[in-house]
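Asks: Here you go, work.tsv (TSV, C-alpha atoms and all ligand atoms):
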```tsv
chain	number	residue	atom	x	y	z
P	995	MET	CA	97.99	19.95	-180.39
P	996	GLU	CA	99.99	17.34	-182.22
P	997	ALA	CA	101.14	14.23	-180.39
P	998	ALA	CA	104.81	15.20	-180.58
P	999	GLU	CA	104.09	18.56	-179.00
P	1000	GLU	CA	101.98	16.89	-176.35
P	1001	VAL	CA	104.98	14.83	-175.34
P	1002	GLU	CA	107.23	17.87	-175.40
P	1003	ARG	CA	105.10	19.75	-172.88
P	1004	GLY	CA	106.26	19.21	-169.34
P	1005	ASN	CA	109.74	18.79	-170.76
P	1006	GLY	CA	111.55	22.08	-171.26
P	1007	GLY	CA	114.73	20.44	-172.52
P	1008	GLY	CA	112.61	18.70	-175.10
P	1009	VAL	CA	111.18	22.03	-176.20
P	1010	ILE	CA	114.65	23.45	-176.84
P	1011	GLN	CA	115.60	20.33	-178.78
P	1012	THR	CA	112.42	20.63	-180.83
P	1013	TRP	CA	113.25	24.27	-181.64
P	1014	LEU	CA	116.83	23.37	-182.59
P	1015	ASN	CA	115.50	20.69	-184.94
P	1016	ARG	CA	112.73	22.85	-186.34
P	1017	HIS	CA	114.99	25.85	-186.97
P	1018	ASN	CA	118.16	23.94	-187.66
P	1019	LEU	CA	118.96	25.80	-190.87
P	1020	LEU	CA	118.67	29.23	-189.26
P	1021	TYR	CA	120.57	28.05	-186.17
P	1022	THR	CA	123.41	26.83	-188.37
P	1023	LYS	CA	123.42	30.12	-190.31
P	1024	ALA	CA	123.85	31.97	-187.02
P	1025	THR	CA	126.48	29.68	-185.47
P	1026	LYS	CA	128.54	28.70	-188.53
P	1027	HIS	CA	128.43	31.98	-190.41
P	1028	PRO	CA	131.05	32.68	-193.13
P	1029	PHE	CA	132.46	35.40	-190.83
P	1030	ILE	CA	133.20	32.81	-188.13
P	1031	LEU	CA	134.38	30.19	-190.62
P	1032	SER	CA	136.81	32.75	-192.06
P	1033	ILE	CA	138.28	33.31	-188.57
P	1034	ARG	CA	138.61	29.56	-188.09
P	1035	ASP	CA	140.21	29.12	-191.52
P	1036	GLY	CA	142.49	32.12	-191.11
P	1037	THR	CA	141.12	33.79	-194.23
P	1038	ILE	CA	139.39	36.62	-192.38
P	1039	ASN	CA	139.60	40.09	-193.81
P	1040	LEU	CA	140.96	42.17	-190.94
P	1041	SER	CA	138.85	45.19	-191.85
P	1042	SER	CA	135.79	42.97	-191.28
P	1043	PHE	CA	137.15	41.96	-187.91
P	1044	LYS	CA	137.67	45.59	-186.97
P	1045	ARG	CA	134.16	46.47	-188.09
P	1046	TRP	CA	132.79	43.62	-185.97
P	1047	LEU	CA	134.88	44.75	-182.97
P	1048	GLY	CA	133.63	48.34	-183.02
P	1049	GLN	CA	130.01	47.34	-183.64
P	1050	ASP	CA	130.04	44.65	-180.96
P	1051	TYR	CA	131.29	47.15	-178.40
P	1052	ILE	CA	128.19	49.25	-179.12
P	1053	PHE	CA	126.01	46.14	-178.92
P	1054	VAL	CA	127.46	45.05	-175.58
P	1055	ARG	CA	126.84	48.50	-174.10
P	1056	GLU	CA	123.16	48.09	-175.06
P	1057	PHE	CA	123.16	44.51	-173.87
P	1058	ILE	CA	123.97	45.59	-170.29
P	1059	PRO	CA	120.60	47.27	-169.57
P	1060	PHE	CA	118.89	44.31	-171.24
P	1061	VAL	CA	120.63	41.87	-168.88
P	1062	ALA	CA	119.74	44.16	-165.98
P	1063	SER	CA	116.09	43.92	-167.06
P	1064	VAL	CA	116.33	40.11	-167.12
P	1065	LEU	CA	117.81	40.23	-163.61
P	1066	LEU	CA	114.91	42.33	-162.42
P	1067	LYS	CA	112.41	39.93	-164.00
P	1068	ALA	CA	114.16	36.98	-162.34
P	1069	TRP	CA	113.89	38.72	-158.99
P	1070	ARG	CA	110.19	39.35	-159.51
P	1071	GLU	CA	109.11	36.19	-161.28
P	1072	SER	CA	111.57	33.36	-160.76
P	1073	GLU	CA	110.87	30.62	-158.26
P	1074	ASP	CA	114.54	29.73	-158.04
P	1075	GLY	CA	116.92	32.14	-156.28
P	1076	LEU	CA	119.91	30.62	-158.07
P	1077	ASP	CA	118.77	32.23	-161.33
P	1078	ILE	CA	119.86	35.60	-159.92
P	1079	GLU	CA	123.37	34.27	-159.31
P	1080	VAL	CA	123.73	32.94	-162.85
P	1081	ILE	CA	122.52	36.23	-164.37
P	1082	LEU	CA	124.69	38.26	-161.99
P	1083	GLY	CA	127.69	36.20	-163.15
P	1084	GLY	CA	126.81	37.20	-166.70
P	1085	MET	CA	126.67	40.86	-165.70
P	1086	ALA	CA	130.06	40.59	-164.00
P	1087	SER	CA	131.62	39.20	-167.15
P	1088	LEU	CA	130.09	42.07	-169.15
P	1089	ASN	CA	131.93	44.48	-166.89
P	1090	ASP	CA	135.15	42.73	-167.83
P	1091	GLU	CA	134.09	42.63	-171.48
P	1092	ILE	CA	133.71	46.41	-171.72
P	1093	SER	CA	137.31	46.88	-170.53
P	1094	TRP	CA	138.44	44.21	-172.95
P	1095	PHE	CA	136.74	45.93	-175.91
P	1096	LYS	CA	138.51	49.19	-175.09
P	1097	LYS	CA	141.86	47.45	-174.81
P	1098	GLU	CA	141.33	45.36	-177.94
P	1099	GLY	CA	140.07	48.44	-179.79
P	1100	SER	CA	143.26	50.34	-179.07
P	1101	LYS	CA	145.29	47.30	-180.20
P	1102	TRP	CA	143.53	47.41	-183.60
P	1103	ASP	CA	143.28	51.20	-183.86
P	1104	VAL	CA	139.51	51.05	-183.52
P	1105	LEU	CA	138.24	54.04	-181.57
P	1106	VAL	CA	135.34	52.26	-179.89
P	1107	SER	CA	133.92	55.43	-178.36
P	1108	GLU	CA	133.60	57.19	-181.73
P	1109	ILE	CA	131.76	54.55	-183.72
P	1110	SER	CA	128.11	54.83	-184.66
P	1111	PRO	CA	125.93	51.75	-184.94
P	1112	GLN	CA	125.16	50.35	-188.38
P	1113	LYS	CA	121.61	49.42	-189.37
P	1114	ALA	CA	121.73	45.72	-188.42
P	1115	ASN	CA	123.13	46.70	-185.03
P	1116	GLN	CA	120.48	49.38	-184.51
P	1117	ASP	CA	117.76	46.87	-185.41
P	1118	TYR	CA	119.18	44.34	-182.96
P	1119	CYS	CA	119.44	46.94	-180.17
P	1120	ARG	CA	115.86	48.07	-180.81
P	1121	PHE	CA	114.73	44.46	-180.46
P	1122	LEU	CA	116.54	44.26	-177.11
P	1123	GLU	CA	114.80	47.43	-176.00
P	1124	ARG	CA	111.39	45.94	-176.78
P	1125	LEU	CA	112.30	42.89	-174.68
P	1126	MET	CA	113.07	45.19	-171.75
P	1127	GLY	CA	109.44	46.29	-171.56
P	1128	PRO	CA	107.31	45.31	-168.56
P	1129	ASP	CA	104.90	43.48	-170.89
P	1130	VAL	CA	107.60	40.90	-171.72
P	1131	GLY	CA	107.74	38.14	-169.12
P	1132	TYR	CA	110.74	36.42	-167.58
P	1133	THR	CA	110.54	33.23	-169.66
P	1134	VAL	CA	110.59	35.09	-172.99
P	1135	ALA	CA	113.38	37.43	-171.82
P	1136	ILE	CA	115.63	34.67	-170.44
P	1137	THR	CA	115.07	32.62	-173.61
P	1138	ALA	CA	116.36	35.54	-175.70
P	1139	PHE	CA	119.26	36.05	-173.27
P	1140	TRP	CA	120.32	32.40	-173.44
P	1141	THR	CA	120.08	32.37	-177.26
P	1142	ILE	CA	122.24	35.52	-177.56
P	1143	GLU	CA	124.98	34.04	-175.38
P	1144	ALA	CA	124.74	30.54	-176.88
P	1145	VAL	CA	125.24	31.78	-180.46
P	1146	TYR	CA	128.53	33.44	-179.51
P	1147	GLN	CA	129.63	30.45	-177.46
P	1148	GLU	CA	128.92	27.98	-180.23
P	1149	SER	CA	130.42	30.24	-182.92
P	1150	PHE	CA	133.68	31.14	-181.23
P	1151	SER	CA	134.29	27.67	-179.79
P	1152	LEU	CA	134.33	26.45	-183.40
P	1153	CYS	CA	137.43	28.61	-183.94
P	1154	LEU	CA	139.20	26.81	-181.09
P	1155	GLN	CA	138.48	23.26	-182.25
P	1156	ASP	CA	141.16	20.87	-183.47
P	1157	GLY	CA	142.45	21.69	-186.92
P	1158	ASN	CA	141.63	25.39	-186.69
P	1159	ASN	CA	143.79	27.93	-188.47
P	1160	THR	CA	142.68	30.87	-186.32
P	1161	PRO	CA	145.18	33.75	-186.54
P	1162	ALA	CA	147.13	34.11	-183.27
P	1163	GLU	CA	146.02	37.72	-182.83
P	1164	LEU	CA	142.35	36.61	-182.84
P	1165	MET	CA	142.73	33.78	-180.34
P	1166	GLU	CA	141.95	35.99	-177.37
P	1167	THR	CA	138.64	37.03	-178.95
P	1168	CYS	CA	137.71	33.41	-179.64
P	1169	GLN	CA	138.67	32.34	-176.14
P	1170	ARG	CA	136.56	35.08	-174.60
P	1171	TRP	CA	133.35	33.40	-175.78
P	1172	GLY	CA	134.62	29.96	-176.74
P	1173	ASN	CA	136.20	28.99	-173.41
P	1174	ASN	CA	134.77	26.19	-171.27
P	1175	GLY	CA	133.74	28.52	-168.45
P	1176	PHE	CA	131.57	30.51	-170.82
P	1177	GLY	CA	130.24	27.18	-172.12
P	1178	GLN	CA	129.23	26.14	-168.59
P	1179	TYR	CA	127.56	29.49	-168.04
P	1180	CYS	CA	125.53	28.98	-171.26
P	1181	GLN	CA	124.59	25.50	-170.02
P	1182	SER	CA	123.36	27.03	-166.75
P	1183	LEU	CA	121.28	29.54	-168.71
P	1184	GLN	CA	119.90	26.73	-170.86
P	1185	GLY	CA	118.95	24.84	-167.70
P	1186	ILE	CA	117.01	27.86	-166.46
P	1187	VAL	CA	115.26	28.25	-169.82
P	1188	SER	CA	114.33	24.53	-169.83
P	1189	ARG	CA	112.83	24.80	-166.39
P	1190	CYS	CA	110.86	27.94	-167.31
P	1191	LEU	CA	109.56	26.34	-170.52
P	1192	GLU	CA	108.35	23.29	-168.60
P	1193	LYS	CA	105.93	25.48	-166.72
P	1194	ALA	CA	105.05	27.79	-169.60
P	1195	SER	CA	101.60	28.26	-171.10
P	1196	GLU	CA	100.98	27.75	-174.82
P	1197	ASP	CA	101.11	31.51	-175.30
P	1198	VAL	CA	104.45	31.92	-173.51
P	1199	LEU	CA	105.89	28.91	-175.39
P	1200	ARG	CA	104.93	30.53	-178.67
P	1201	LYS	CA	106.37	33.93	-177.71
P	1202	SER	CA	109.58	32.32	-176.45
P	1203	GLU	CA	110.05	30.43	-179.71
P	1204	GLU	CA	109.50	33.71	-181.57
P	1205	ALA	CA	112.18	35.39	-179.44
P	1206	PHE	CA	114.56	32.49	-180.14
P	1207	ILE	CA	114.02	32.88	-183.90
P	1208	CYS	CA	114.32	36.67	-183.75
P	1209	VAL	CA	117.66	36.48	-181.95
P	1210	LEU	CA	119.00	34.04	-184.55
P	1211	ASP	CA	117.84	36.36	-187.37
P	1212	HIS	CA	119.53	39.35	-185.74
P	1213	GLU	CA	122.73	37.39	-185.15
P	1214	VAL	CA	122.88	36.46	-188.85
P	1215	GLY	CA	122.30	40.12	-189.71
P	1216	PHE	CA	125.07	41.14	-187.33
P	1217	TRP	CA	127.58	38.73	-188.94
P	1218	ASP	CA	126.51	39.83	-192.44
P	1219	MET	CA	127.07	43.46	-191.41
P	1220	SER	CA	130.50	42.56	-190.04
P	1221	CYS	CA	131.43	40.95	-193.36
P	1222	GLY	CA	130.42	44.20	-195.03
P	1223	GLU	CA	127.53	42.63	-196.93
P	1224	LEU	CA	125.13	45.50	-196.71
P	1301	LIG	C1	125.97	40.48	-181.47
P	1301	LIG	N1	125.69	38.66	-179.87
P	1301	LIG	C2	126.36	39.77	-180.22
P	1301	LIG	N2	127.34	40.25	-179.46
P	1301	LIG	C3	127.69	39.61	-178.31
P	1301	LIG	N3	128.71	40.12	-177.58
P	1301	LIG	C4	127.01	38.45	-177.92
P	1301	LIG	C5	126.00	38.00	-178.74
P	1301	LIG	C6	127.36	37.66	-176.68
P	1301	LIG	O1	127.42	38.40	-175.56
```
Rewrite the structure from the file as structure tokens, please.
Ligand code: HMH

Replies:
Amino acid sequence: MEAAEEVERGNGGGVIQTWLNRHNLLYTKATKHPFILSIRDGTINLSSFKRWLGQDYIFVREFIPFVASVLLKAWRESEDGLDIEVILGGMASLNDEISWFKKEGSKWDVLVSEISPQKANQDYCRFLERLMGPDVGYTVAITAFWTIEAVYQESFSLCLQDGNNTPAELMETCQRWGNNGFGQYCQSLQGIVSRCLEKASEDVLRKSEEAFICVLDHEVGFWDMSCGEL
């Protein structure tokens, strides 16, 4: 083990920082994607937005059983009972999100119930399904969960920053994931991940980093798909 990694062990927050540094390019591709920048700059093609909306509804429906599986793993494996409350809060907001997608879909004439998933979405959902398996431990699963939420938080909060030119009709979408409450929730998830990584074996650290990278790859694929670059 290299000296830097030696120092990073026993310091979960340090592990996350190391990953963010090591995979900075990919992280930036996922969180500052042209799709998001075009929302922020007001140059978004509305047919791309509608494609994203319909596809993300399908994704979120698949995301629910994944989050349920993380909850179950927390109940079995976590040493901190508060983890359950943070994850349960996430599930509660997904309940709200499903209603929002239906409402937003009807606003944009997107029939969310009649859309079929595109390839990038299918690939992402299949990845989630693999993570639901009993062979995947809590640390790996919660790392993926945090990364999924954090990418949306970081992306959409960019569209709310000073100087944005976000179209008024997209503000509600950006606020959904870019608001401070969602930011705090992502911070809580990150805190849980840090704590889990502090206690993780080499093998679990490696698998968690892989999950982190995989989520970022899938997020980039999802944005590309939304732009129509297929
Ligand atoms: C593709 N990633 C994707 N969709 C979402 N709704 C989130 C992350 C955040 O929940």

Asks: Find, counting all atoms listed in the file, the residue in P:Ala1162, P:Ile1186, P:Val1106, P:Val1064 that gets nearest to Ala1135 (chain P).

Replies: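 Smallest separation from Ala1135 (chain P) among the options: P:Val1064.
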
Asks: Taking all atoms listed in the file into account, which residues have an atom no farther than 10 Å from ligand LIG 1301 (chain P)? I'd like them as an NGL selection string.

Replies: :P and (1024 or 1046-1047 or 1049-1058 or 1084 or 1087-1088 or 1091-1092 or 1114-1115 or 1118-1119 or 1139-1147 or 1149 or 1170-1171 or 1209-1210 or 1212-1217 or 1220)

Asks: If you measure from CA of Lys1067 (chain P) to CA of Pro1128 (chain P), what distance in Å do you get, rounded to one decimal?

Replies: 8.7 Å

Asks: Between CA of Val1187 (chain P) and CA of Thr1133 (chain P), what is the spacing in Å?

Replies: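 Computing it gives 6.9 Å between the two atoms.
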
Asks: Between P:Glu1079, P:Leu1183, P:Asp1218, P:Ala1086, which residue has the minimum interatomic distance to Lys1026 (chain P), considering all atoms listed in the file?

Replies: P:Asp1218

Asks: Mind pulling up the distance from CA of Met1165 (chain P) to CA of Asn1039 (chain P)?

Replies: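 Going from CA of Asn1039 (chain P) over to CA of Met1165 (chain P), I get 15.2 Å.
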
Asks: P:Asp1117, P:Gly1222, P:Leu1154, P:Leu1125: which is nearest Glu1204 (chain P), counting only C-alpha atoms?

Replies: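 Closest residue, counting only C-alpha atoms: P:Leu1125.
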